[in-house]
Amino acid sequence: MDYRDSPAEAAFRQRLKTWLKERSREFPPTGGDAYWAGQAAWHRALHAAGFFGLSWPKEYGGQALPPVYDVILDEELARAGARPRPSLGYLVQGLGRHGSEELRRRFLPPMIDGSERWCQGFSEPGAGSDLASLATTAVRDGDEYVVRGHKVWTSYSDVADWCLLLARTDPDAPRHRGLSAFVISMHQPEVEQCPLTMINGVTTEFGQVRFDGARVPARQLVGAPGEGWALAMTIVSREREPAELGFTARYGKLVRDLVTGAGARPTGKWQPSADLIWAYVQTEMLYTHVRRRLSERLDGVAHGPEGSLDKLLMTETEQAVGHAALAEAGTADPELLSAYLYSRAQSVMGGTAQIQKNIIASRILGLGAS
Amino acid sequence: MDARLSPEQRELRAAAAKLADSAGPHSVLDLSDDGRVARLEQAVAATGWRALRSDGAGGVEVAIVAEEFARGLVDVPFLGPVLADGLQPSPEPTTIAVDGGAVDARGISRALALVGLEVRAAQVGDAVTKVDLTRISAKVVGPWQPAAEISPAQAQRWRALALVATTADLLGAARGAHALACDYAKIRAQYGHPIGTYQAVSHPLAEGLALIEGSVSILRYAAWAVDEAAPDDAIRAARLAKVYCARAARTVCETSIQVHGGIGNTWDCLAHVYLRRALAATELFPVRLEEIDCGLS
């Protein structure tokens with residue numbers, strides 16, 4: 001056990017710090033549309049400078065570094081008040097693990113370097129927690145499939161080039177076995193964007209898409225027909241891990257902004273509220289937790305139901321930070337109010353808190369069916 | 001950066017867990033079984049773990065044993081002697097005193113206290129009743145005698161160790177209370193099913209496990225920092241860990257009582273013994289929320 005940086009890690013951290021310092025004027029406040037809209041440029045800048053895709057294979061544009069480098073990245077992004085890294089680790093893992101070599105070579109490099117944008121077409125109005133009940137269909141037509149259905153919470157779908165889509169290809173199979181995964185182009189007239197406005201007014205994050213006869217080549221099936229559920233499980237289990245999401249940087253930045261008061265506070269008299277101190281304690285907990293989890297990967301620890309514990313801790317932290325924003329600024333500051341309102345989504349997105357607790361109760365604690 | 005326990009540290013954990021499980025109390029009745037307590041005392045004394053610090057072990061090792069002993073409700077001294085050994089090793093059984101009272105003093109006649117940079121020693125007197133049913137507190141009989149002088153850095157590290165050891169006690173108590181509740185939820189049936197199959201019961205238990213995992217992570221860094229970080233950073237990390245783990249442990253112990261229902265509110269259910277141990281560990285070297293610096297320093 002040694003929490004210190006190795007010489008190589010320290011050199012990486014120093015290079016990153018210097019790079020971030022040069023860009024510190026470009027960092028936006030957290031929360032609004034401008035924040036989400038700037039993520040694409042930030043993604044490309046991070047990758048071009050050698051600070052993104054750190055632990056992914058070199059042949060796809062990663063650097064094959066140990067997972068703990070992502071911790072260093074998150075810590076320094078938070079310290080600098082920068083945007084978090086793009087959260088597409090779960091897509092990379094899903095395509096990397098279930099896609100053919102041909103698909104990986106075609107799609108992973110531009111996904112990782114940020115030149116092509118992605119969204120995830122899983123949830124539907126009628127299939128939220130019960131994902132396997134999804135109703136979108138893909139019907140074979142020669143060398144193509146024809147897709148009809150309605151996807152929701154397809155984050156960034158309005159700017160996406162590609163969608164990793166889950167659709168039913170065999171209506172007669174048992175419901176988990178009739179699903180297949182596709183890489184479908186978003187640039188076709190049969191794909192209609194109907195973005196939803198989130199409770200904080202943000203319009204660019206919570207996507208909604210209708211597929212009305214959109215076409216996808218059969219060679220862009222990920223895995224074999226009927227193997228969509230396995231890919232979905234790979235993705236949602238990664239989607240639950242803060243290490244893959246890089247959100248720790250966003251929480252750290254928010255707490256930092258609240259503590260320093262962005263220079264607007266009269267000096268001398270201010271004491272942090274109990275909610276702010278607690279949010280700080282939680283963010284520090286999450287940093288140590290991510291360090292521990294990423295260290296455990298050195299032993300080849302598999303991604304299992306433990307991801308649900310990580311997701312609950314991440315949710316607790318984000319919502320504590322949201323409460324701290326309220327305690328410090330009330331509803332007067334639009335950015336902080338937006339951050340608070342957005343925090344309510346964390347216990348729903350990527351599998352609700354209730355679903356995470358069901359997974360923990362049945363698969364870790366062995367309490368029986370939930 | 002590597003946050004994993006070493007193979008030796010994992011072996012230490014397994015050995016401490018085994019000892020606690022074999023001779024620790026398994027019921028409230030066991031607490032007054034003098035024969036069992038004597039066997040446990042003999043077993044703990046034989047390990048030499050009370051002298052971990054003077055044997056050169058780090059904060060991580062102390063935390064490992066403290067956690068497993070609290071999980072198993074070990075009711076012979078460890079925390080007091082191991083902290084006393086960290087101040088000044090002695091062949092005579094010695095515990096520590098805080099605010100004029102000796103803690104963790106079963107069968108121990110001498111106590112050390114740290115006042116500023118001065119280590120003082122005094123004799124231990126009569127036992128006093130406190131919240132914790134697994135550890136005996138006692139009066140200190142003066143006069144205090146100077147025993148040693150330590151450096152400011154040593155004093156800081158010792159205070160960090162005291163915070164870490166009591167935090168490990170909190171984590172262990174939470175784990176024990178949680179395991180007790182999970183076991184009960186699997187066998188207690190209502191409406192024809194084990195209560196653990198109902199979300200109203202299983203969800204608080206799932207939340208408890210998340211709190212325990214967060215506690216493991218924040219404590220592990222603090223335990224490492226006792227010896228490896230700058231003294232001020234070690235204190236800072238230990239305060240953060242204690243605040244987090246104290247709140248987590250109280251919540252988990254309260255959940256354990258709730259899951260046990262009516263039984264959980266009786267003296268004979270071990271759930272309150274864990275809660276009491278957690279409350280005592282919270283009050284021993286307490287940390288107030290206002291002492292957390294929010295990264296301002």
# chains A, B, ... in the order shown; residues from 1 in each chain; ligands from 1
call {"tool": "closest_atom_pairs", "arguments": {"of": "chain A", "to": "chain B", "cutoff": "8 Å", "atoms": "only C-alpha atoms", "output": "CSV"}}
result
residue,atom,partner,partner_atom,distance
A:Met1,CA,B:Ala3,CA,5.2
A:Asp2,CA,B:Asp2,CA,5.2
A:Tyr3,CA,B:Met1,CA,4.6
A:Arg4,CA,B:Met1,CA,5.2
A:Asp5,CA,B:Met1,CA,5.0
A:Ser6,CA,B:Met1,CA,6.4
A:Glu9,CA,B:Met1,CA,7.9
A:Val68,CA,B:Met1,CA,6.8
A:Val259,CA,B:Cys294,CA,7.1
A:Ala274,CA,B:Leu289,CA,7.1
A:Ile277,CA,B:Cys294,CA,6.2
A:Trp278,CA,B:Leu289,CA,7.7
A:Tyr280,CA,B:Cys294,CA,5.9
A:Val281,CA,B:Leu240,CA,6.1
A:Gln282,CA,B:Tyr244,CA,7.6
A:Glu284,CA,B:Ile218,CA,7.6
A:Met285,CA,B:Ile218,CA,5.2
A:Leu286,CA,B:Gly214,CA,7.3
A:Thr288,CA,B:Ser217,CA,5.5
A:His289,CA,B:Ser217,CA,4.8
A:Arg291,CA,B:Ala3,CA,6.5
A:Arg292,CA,B:Ala3,CA,5.1
A:Ser295,CA,B:Asp2,CA,5.4
A:Glu296,CA,B:Arg4,CA,6.4
A:Leu309,CA,B:Ala210,CA,5.1
A:Asp310,CA,B:Ala210,CA,7.4
A:Leu312,CA,B:Ala210,CA,6.7
A:Leu313,CA,B:Ala210,CA,6.4
A:Gln354,CA,B:His203,CA,7.5
A:Lys357,CA,B:Ala206,CA,5.3
A:Asn358,CA,B:His203,CA,7.0
A:Ile360,CA,B:Ala206,CA,5.7
A:Ala361,CA,B:Ala206,CA,5.6
A:Leu365,CA,B:Cys182,CA,7.2
A:Leu367,CA,B:Gly196,CA,5.1
A:Gly368,CA,B:Thr197,CA,5.2
A:Ala369,CA,B:Thr197,CA,5.5
A:Ser370,CA,B:Thr197,CA,5.5
call {"tool": "write_last_selection", "arguments": {"atoms": "C-alpha atoms", "output": "compact mmCIF listing (two decimals), in the first residue's frame"}}
result
# COMPACT_ATOMS: atom_id res chain seq x y z
CA MET A 1 0.00 0.00 0.00
CA ASP A 2 1.29 3.39 -0.97
CA TYR A 3 -1.02 6.28 -1.83
CA ARG A 4 1.88 8.35 -3.15
CA ASP A 5 2.47 8.82 -6.85
CA SER A 6 5.16 6.68 -8.42
CA GLU A 9 2.63 9.10 -12.01
CA VAL A 68 -5.06 4.76 -11.37
CA VAL A 259 -15.93 27.11 -0.33
CA ALA A 274 -23.01 22.05 8.04
CA ILE A 277 -18.85 20.61 5.33
CA TRP A 278 -20.73 17.35 4.94
CA TYR A 280 -16.83 18.17 1.44
CA VAL A 281 -16.51 15.06 3.63
CA GLN A 282 -18.48 13.07 1.06
CA GLU A 284 -13.20 13.31 0.03
CA MET A 285 -14.72 9.90 0.77
CA LEU A 286 -15.48 9.41 -2.93
CA THR A 288 -10.51 7.64 -1.52
CA HIS A 289 -13.15 5.19 -2.68
CA ARG A 291 -8.59 5.18 -5.52
CA ARG A 292 -9.34 1.96 -3.71
CA SER A 295 -6.28 -0.15 -7.17
CA GLU A 296 -8.30 -3.33 -6.79
CA LEU A 309 -22.42 0.24 -4.15
CA ASP A 310 -20.20 2.72 -6.00
CA LEU A 312 -25.03 4.70 -4.40
CA LEU A 313 -21.97 6.42 -2.92
CA GLN A 354 -33.95 1.47 -5.98
CA LYS A 357 -30.40 -1.50 -3.81
CA ASN A 358 -32.23 -4.50 -5.28
CA ILE A 360 -26.99 -5.21 -3.65
CA ALA A 361 -29.67 -6.93 -1.56
CA LEU A 365 -26.25 -9.66 0.72
CA LEU A 367 -31.43 -11.54 1.01
CA GLY A 368 -33.52 -13.25 -1.66
CA ALA A 369 -35.73 -11.93 -4.41
CA SER A 370 -36.50 -8.22 -4.39
call {"tool": "select_by_dssp", "arguments": {"residues": "stretch 91-163 of chain B", "states": "strand (DSSP E)", "output": "VMD selection string"}}
result
chain B and resid 94 to 98 101 to 102 110 to 115 118 to 128 137 to 149
call {"tool": "residues_around", "arguments": {"residues": "A:Ala127", "least_positions_apart": "6", "cutoff": "10 Å", "atoms": "only C-alpha atoms", "output": "count of residues only"}}
result
6
call {"tool": "residues_around", "arguments": {"residues": "stretch 108-111 of chain B", "least_positions_apart": "2", "cutoff": "7 Å", "atoms": "only C-alpha atoms", "output": "PyMOL selection string"}}
result
chain B and resi 93-97+102+105-106+113+121-124
call {"tool": "residues_around", "arguments": {"residues": "stretch 36-49 of chain B", "least_positions_apart": "3", "cutoff": "7 Å", "atoms": "only C-alpha atoms", "output": "number ranges by chain"}}
result
B: 23-24, 33, 52, 76
call {"tool": "residues_around", "arguments": {"residues": "stretch 120-125 of chain A", "least_positions_apart": "4", "cutoff": "7 Å", "atoms": "only C-alpha atoms", "output": "PyMOL selection string"}}
result
chain A and resi 131+134+150-154+163-166
call {"tool": "residues_around", "arguments": {"residues": "B:Leu180", "least_positions_apart": "2", "cutoff": "10 Å", "atoms": "only C-alpha atoms", "output": "list in words"}}
result
Ala174, Arg175, Gly176, Ala177, His178, Cys182, Asp183, Tyr184, Ala185, Cys253, Ser256, Ile257, Val259, His260, Cys269, Leu270, Ala271 and Tyr274 of chain B
call {"tool": "write_last_selection", "arguments": {"atoms": "N, CA and C atoms", "output": "short mmCIF file (atom, residue, chain, number, x, y, z; two decimals), in the first residue's frame"}}
result
data_model
loop_
_atom_site.label_atom_id
_atom_site.label_comp_id
_atom_site.auth_asym_id
_atom_site.auth_seq_id
_atom_site.Cartn_x
_atom_site.Cartn_y
_atom_site.Cartn_z
N ALA B 174 -19.98 -1.16 12.95
CA ALA B 174 -20.98 -1.07 11.89
C ALA B 174 -21.06 -2.39 11.13
N ARG B 175 -19.93 -2.97 10.81
CA ARG B 175 -19.93 -4.24 10.07
C ARG B 175 -20.60 -5.34 10.88
N GLY B 176 -20.28 -5.39 12.17
CA GLY B 176 -20.88 -6.41 13.02
C GLY B 176 -22.39 -6.26 13.11
N ALA B 177 -22.84 -5.02 13.33
CA ALA B 177 -24.28 -4.76 13.45
C ALA B 177 -25.00 -5.08 12.14
N HIS B 178 -24.34 -4.77 11.03
CA HIS B 178 -24.93 -5.00 9.72
C HIS B 178 -25.06 -6.50 9.43
N CYS B 182 -28.45 -8.65 8.71
CA CYS B 182 -28.64 -9.44 7.48
C CYS B 182 -28.97 -10.89 7.82
N ASP B 183 -28.26 -11.45 8.80
CA ASP B 183 -28.55 -12.83 9.20
C ASP B 183 -29.99 -12.96 9.69
N TYR B 184 -30.40 -11.98 10.49
CA TYR B 184 -31.75 -12.03 11.05
C TYR B 184 -32.80 -11.89 9.95
N ALA B 185 -32.52 -11.01 8.98
CA ALA B 185 -33.50 -10.76 7.91
C ALA B 185 -33.70 -12.00 7.03
N CYS B 253 -26.06 0.96 12.72
CA CYS B 253 -26.49 0.32 13.98
C CYS B 253 -27.98 0.57 14.22
N SER B 256 -29.88 -1.72 12.11
CA SER B 256 -29.85 -3.08 12.65
C SER B 256 -30.93 -3.24 13.71
N ILE B 257 -31.08 -2.25 14.57
CA ILE B 257 -32.13 -2.31 15.60
C ILE B 257 -33.50 -2.35 14.93
N VAL B 259 -34.33 -3.38 11.88
CA VAL B 259 -34.57 -4.65 11.17
C VAL B 259 -34.94 -5.75 12.17
N HIS B 260 -34.38 -5.67 13.39
CA HIS B 260 -34.70 -6.66 14.41
C HIS B 260 -36.07 -6.43 15.06
N CYS B 269 -30.74 -8.41 22.73
CA CYS B 269 -30.30 -8.41 21.33
C CYS B 269 -28.98 -7.66 21.22
N LEU B 270 -28.04 -8.24 20.50
CA LEU B 270 -26.69 -7.65 20.43
C LEU B 270 -26.64 -6.32 19.66
N ALA B 271 -27.74 -5.99 18.95
CA ALA B 271 -27.69 -4.77 18.13
C ALA B 271 -27.31 -3.53 18.95
N TYR B 274 -23.56 -3.22 19.78
CA TYR B 274 -22.78 -2.58 18.70
C TYR B 274 -22.99 -1.07 18.70
#
call {"tool": "atom_distance", "arguments": {"atom1": "atom CA of A:Ala138", "atom2": "atom CA of A:Ser115"}}
result
27.4 Å
call {"tool": "select_by_dssp", "arguments": {"residues": "stretch 92-335 of chain A", "states": "helix (DSSP H, G or I)", "output": "PyMOL selection string"}}
result
chain A and resi 92-98+101-113+131-133+157-159+218-220+228-239+242-245+248-263+274-299+306-329+334-335
call {"tool": "write_last_selection", "arguments": {"atoms": "C-alpha atoms", "output": "compact mmCIF listing (two decimals), in the first residue's frame"}}
result
# COMPACT_ATOMS: atom_id res chain seq x y z
CA VAL A 92 -15.87 1.93 -24.88
CA GLN A 93 -16.12 -1.11 -22.63
CA GLY A 94 -19.36 -2.28 -24.21
CA LEU A 95 -18.17 -2.00 -27.80
CA GLY A 96 -14.69 -3.23 -26.91
CA ARG A 97 -15.96 -6.33 -25.22
CA HIS A 98 -18.86 -7.31 -27.45
CA GLU A 101 -12.52 -6.54 -34.34
CA GLU A 102 -13.83 -4.85 -37.50
CA LEU A 103 -16.32 -2.78 -35.48
CA ARG A 104 -13.73 -1.95 -32.83
CA ARG A 105 -11.24 -0.70 -35.42
CA ARG A 106 -13.84 1.35 -37.21
CA PHE A 107 -15.58 2.93 -34.23
CA LEU A 108 -13.37 2.99 -31.13
CA PRO A 109 -10.60 5.37 -32.30
CA PRO A 110 -12.95 8.23 -33.29
CA MET A 111 -15.06 7.60 -30.19
CA ILE A 112 -12.00 7.88 -27.97
CA ASP A 113 -10.42 10.88 -29.70
CA LEU A 131 -35.10 -2.52 -19.64
CA ALA A 132 -35.74 -5.99 -21.06
CA SER A 133 -39.34 -5.01 -21.79
CA SER A 157 -28.39 12.52 -28.97
CA ASP A 158 -28.81 15.96 -30.60
CA VAL A 159 -25.07 16.17 -31.29
CA ALA A 218 -26.37 -5.81 -40.64
CA ARG A 219 -22.57 -5.71 -40.29
CA GLN A 220 -23.08 -3.05 -37.59
CA GLY A 228 -27.94 -7.49 -26.93
CA TRP A 229 -28.72 -8.18 -23.29
CA ALA A 230 -25.15 -9.23 -22.50
CA LEU A 231 -23.86 -5.96 -23.95
CA ALA A 232 -26.48 -4.01 -22.03
CA MET A 233 -25.35 -5.62 -18.77
CA THR A 234 -21.71 -4.82 -19.48
CA ILE A 235 -22.64 -1.22 -20.10
CA VAL A 236 -24.95 -0.64 -17.16
CA SER A 237 -22.53 -2.23 -14.70
CA ARG A 238 -19.77 0.16 -15.87
CA GLU A 239 -22.20 3.02 -15.94
CA PRO A 242 -17.61 6.58 -10.59
CA ALA A 243 -14.21 5.54 -11.89
CA GLU A 244 -15.66 5.23 -15.37
CA LEU A 245 -17.68 8.40 -15.16
CA THR A 248 -15.76 13.07 -8.95
CA ALA A 249 -14.09 16.02 -10.67
CA ARG A 250 -17.42 17.80 -11.05
CA TYR A 251 -18.31 17.35 -7.36
CA GLY A 252 -14.86 18.51 -6.29
CA LYS A 253 -15.15 21.59 -8.46
CA LEU A 254 -18.59 22.49 -7.11
CA VAL A 255 -17.50 22.14 -3.50
CA ARG A 256 -14.43 24.19 -4.23
CA ASP A 257 -16.52 26.93 -5.83
CA LEU A 258 -18.82 26.95 -2.79
CA VAL A 259 -15.93 27.11 -0.33
CA THR A 260 -14.07 29.87 -2.11
CA GLY A 261 -17.37 31.65 -2.84
CA ALA A 262 -15.97 32.59 -6.25
CA GLY A 263 -14.64 35.77 -4.62
CA ALA A 274 -23.01 22.05 8.04
CA ASP A 275 -24.34 20.93 4.65
CA LEU A 276 -21.25 22.26 2.89
CA ILE A 277 -18.85 20.61 5.33
CA TRP A 278 -20.73 17.35 4.94
CA ALA A 279 -20.58 17.63 1.13
CA TYR A 280 -16.83 18.17 1.44
CA VAL A 281 -16.51 15.06 3.63
CA GLN A 282 -18.48 13.07 1.06
CA THR A 283 -16.37 14.23 -1.89
CA GLU A 284 -13.20 13.31 0.03
CA MET A 285 -14.72 9.90 0.77
CA LEU A 286 -15.48 9.41 -2.93
CA TYR A 287 -11.89 10.25 -3.91
CA THR A 288 -10.51 7.64 -1.52
CA HIS A 289 -13.15 5.19 -2.68
CA VAL A 290 -12.28 5.58 -6.36
CA ARG A 291 -8.59 5.18 -5.52
CA ARG A 292 -9.34 1.96 -3.71
CA ARG A 293 -11.58 0.59 -6.43
CA LEU A 294 -9.11 1.37 -9.21
CA SER A 295 -6.28 -0.15 -7.17
CA GLU A 296 -8.30 -3.33 -6.79
CA ARG A 297 -8.41 -3.59 -10.58
CA LEU A 298 -4.68 -4.30 -10.47
CA ASP A 299 -5.73 -7.68 -9.04
CA GLU A 306 -20.13 -3.93 -6.39
CA GLY A 307 -20.66 -1.23 -9.02
CA SER A 308 -24.07 -0.68 -7.46
CA LEU A 309 -22.42 0.24 -4.15
CA ASP A 310 -20.20 2.72 -6.00
CA LYS A 311 -23.22 4.19 -7.72
CA LEU A 312 -25.03 4.70 -4.40
CA LEU A 313 -21.97 6.42 -2.92
CA MET A 314 -21.65 8.62 -5.98
CA THR A 315 -25.35 9.51 -5.75
CA GLU A 316 -25.10 10.32 -2.04
CA THR A 317 -22.15 12.57 -2.79
CA GLU A 318 -23.72 14.44 -5.69
CA GLN A 319 -26.92 15.01 -3.76
CA ALA A 320 -25.01 16.16 -0.68
CA VAL A 321 -23.21 18.66 -2.91
CA GLY A 322 -26.59 19.77 -4.26
CA HIS A 323 -27.84 20.36 -0.73
CA ALA A 324 -24.67 22.29 0.05
CA ALA A 325 -25.34 24.54 -2.94
CA LEU A 326 -28.83 25.24 -1.59
CA ALA A 327 -27.55 25.87 1.93
CA GLU A 328 -24.91 28.32 0.76
CA ALA A 329 -26.74 30.20 -1.97
CA PRO A 334 -28.83 30.26 -11.30
CA GLU A 335 -25.76 28.05 -11.80
call {"tool": "closest_residue", "arguments": {"among": "A:Thr331, A:Leu65, A:Asp130, A:Pro272", "to": "A:Arg175", "atoms": "only C-alpha atoms"}}
result
A:Asp130
call {"tool": "decode", "arguments": {"residues": "stretch 273-343 of chain A", "atoms": "C-alpha atoms", "output": "PDB file, in the first residue's frame"}}
result
ATOM      1  CA  SER A 273     -22.735  25.557   6.613  1.00  0.00           C
ATOM      2  CA  ALA A 274     -23.009  22.050   8.040  1.00  0.00           C
ATOM      3  CA  ASP A 275     -24.336  20.930   4.650  1.00  0.00           C
ATOM      4  CA  LEU A 276     -21.247  22.255   2.893  1.00  0.00           C
ATOM      5  CA  ILE A 277     -18.854  20.610   5.328  1.00  0.00           C
ATOM      6  CA  TRP A 278     -20.730  17.351   4.936  1.00  0.00           C
ATOM      7  CA  ALA A 279     -20.585  17.633   1.128  1.00  0.00           C
ATOM      8  CA  TYR A 280     -16.831  18.172   1.439  1.00  0.00           C
ATOM      9  CA  VAL A 281     -16.507  15.063   3.631  1.00  0.00           C
ATOM     10  CA  GLN A 282     -18.485  13.068   1.057  1.00  0.00           C
ATOM     11  CA  THR A 283     -16.367  14.233  -1.887  1.00  0.00           C
ATOM     12  CA  GLU A 284     -13.204  13.308   0.030  1.00  0.00           C
ATOM     13  CA  MET A 285     -14.725   9.901   0.767  1.00  0.00           C
ATOM     14  CA  LEU A 286     -15.480   9.406  -2.929  1.00  0.00           C
ATOM     15  CA  TYR A 287     -11.889  10.255  -3.912  1.00  0.00           C
ATOM     16  CA  THR A 288     -10.509   7.644  -1.522  1.00  0.00           C
ATOM     17  CA  HIS A 289     -13.152   5.193  -2.680  1.00  0.00           C
ATOM     18  CA  VAL A 290     -12.285   5.582  -6.364  1.00  0.00           C
ATOM     19  CA  ARG A 291      -8.595   5.181  -5.516  1.00  0.00           C
ATOM     20  CA  ARG A 292      -9.340   1.962  -3.706  1.00  0.00           C
ATOM     21  CA  ARG A 293     -11.580   0.592  -6.433  1.00  0.00           C
ATOM     22  CA  LEU A 294      -9.110   1.371  -9.208  1.00  0.00           C
ATOM     23  CA  SER A 295      -6.279  -0.147  -7.170  1.00  0.00           C
ATOM     24  CA  GLU A 296      -8.301  -3.329  -6.793  1.00  0.00           C
ATOM     25  CA  ARG A 297      -8.410  -3.595 -10.585  1.00  0.00           C
ATOM     26  CA  LEU A 298      -4.679  -4.302 -10.465  1.00  0.00           C
ATOM     27  CA  ASP A 299      -5.733  -7.679  -9.040  1.00  0.00           C
ATOM     28  CA  GLY A 300      -8.090  -8.175 -11.959  1.00  0.00           C
ATOM     29  CA  VAL A 301     -11.163  -7.723  -9.760  1.00  0.00           C
ATOM     30  CA  ALA A 302     -14.167  -8.195 -12.024  1.00  0.00           C
ATOM     31  CA  HIS A 303     -16.904  -5.649 -12.528  1.00  0.00           C
ATOM     32  CA  GLY A 304     -19.754  -7.140 -10.595  1.00  0.00           C
ATOM     33  CA  PRO A 305     -22.621  -6.016  -8.405  1.00  0.00           C
ATOM     34  CA  GLU A 306     -20.134  -3.929  -6.390  1.00  0.00           C
ATOM     35  CA  GLY A 307     -20.659  -1.234  -9.015  1.00  0.00           C
ATOM     36  CA  SER A 308     -24.072  -0.676  -7.464  1.00  0.00           C
ATOM     37  CA  LEU A 309     -22.421   0.244  -4.152  1.00  0.00           C
ATOM     38  CA  ASP A 310     -20.199   2.716  -5.997  1.00  0.00           C
ATOM     39  CA  LYS A 311     -23.222   4.193  -7.719  1.00  0.00           C
ATOM     40  CA  LEU A 312     -25.031   4.701  -4.403  1.00  0.00           C
ATOM     41  CA  LEU A 313     -21.974   6.415  -2.916  1.00  0.00           C
ATOM     42  CA  MET A 314     -21.651   8.621  -5.983  1.00  0.00           C
ATOM     43  CA  THR A 315     -25.347   9.509  -5.752  1.00  0.00           C
ATOM     44  CA  GLU A 316     -25.099  10.323  -2.039  1.00  0.00           C
ATOM     45  CA  THR A 317     -22.155  12.573  -2.789  1.00  0.00           C
ATOM     46  CA  GLU A 318     -23.722  14.435  -5.687  1.00  0.00           C
ATOM     47  CA  GLN A 319     -26.924  15.008  -3.758  1.00  0.00           C
ATOM     48  CA  ALA A 320     -25.007  16.163  -0.679  1.00  0.00           C
ATOM     49  CA  VAL A 321     -23.210  18.662  -2.914  1.00  0.00           C
ATOM     50  CA  GLY A 322     -26.588  19.768  -4.265  1.00  0.00           C
ATOM     51  CA  HIS A 323     -27.843  20.358  -0.732  1.00  0.00           C
ATOM     52  CA  ALA A 324     -24.671  22.294   0.052  1.00  0.00           C
ATOM     53  CA  ALA A 325     -25.336  24.541  -2.940  1.00  0.00           C
ATOM     54  CA  LEU A 326     -28.829  25.240  -1.592  1.00  0.00           C
ATOM     55  CA  ALA A 327     -27.554  25.865   1.932  1.00  0.00           C
ATOM     56  CA  GLU A 328     -24.914  28.323   0.760  1.00  0.00           C
ATOM     57  CA  ALA A 329     -26.739  30.202  -1.972  1.00  0.00           C
ATOM     58  CA  GLY A 330     -30.435  29.427  -1.648  1.00  0.00           C
ATOM     59  CA  THR A 331     -32.121  29.623  -5.015  1.00  0.00           C
ATOM     60  CA  ALA A 332     -30.605  32.963  -5.991  1.00  0.00           C
ATOM     61  CA  ASP A 333     -27.612  31.759  -7.996  1.00  0.00           C
ATOM     62  CA  PRO A 334     -28.832  30.264 -11.304  1.00  0.00           C
ATOM     63  CA  GLU A 335     -25.763  28.053 -11.799  1.00  0.00           C
ATOM     64  CA  LEU A 336     -25.920  26.619  -8.283  1.00  0.00           C
ATOM     65  CA  LEU A 337     -29.670  26.143  -8.436  1.00  0.00           C
ATOM     66  CA  SER A 338     -29.141  24.303 -11.717  1.00  0.00           C
ATOM     67  CA  ALA A 339     -26.491  22.084 -10.133  1.00  0.00           C
ATOM     68  CA  TYR A 340     -28.840  21.298  -7.241  1.00  0.00           C
ATOM     69  CA  LEU A 341     -31.744  20.436  -9.530  1.00  0.00           C
ATOM     70  CA  TYR A 342     -29.497  18.317 -11.755  1.00  0.00           C
ATOM     71  CA  SER A 343     -28.316  16.341  -8.716  1.00  0.00           C
TER      72      SER A 343
END
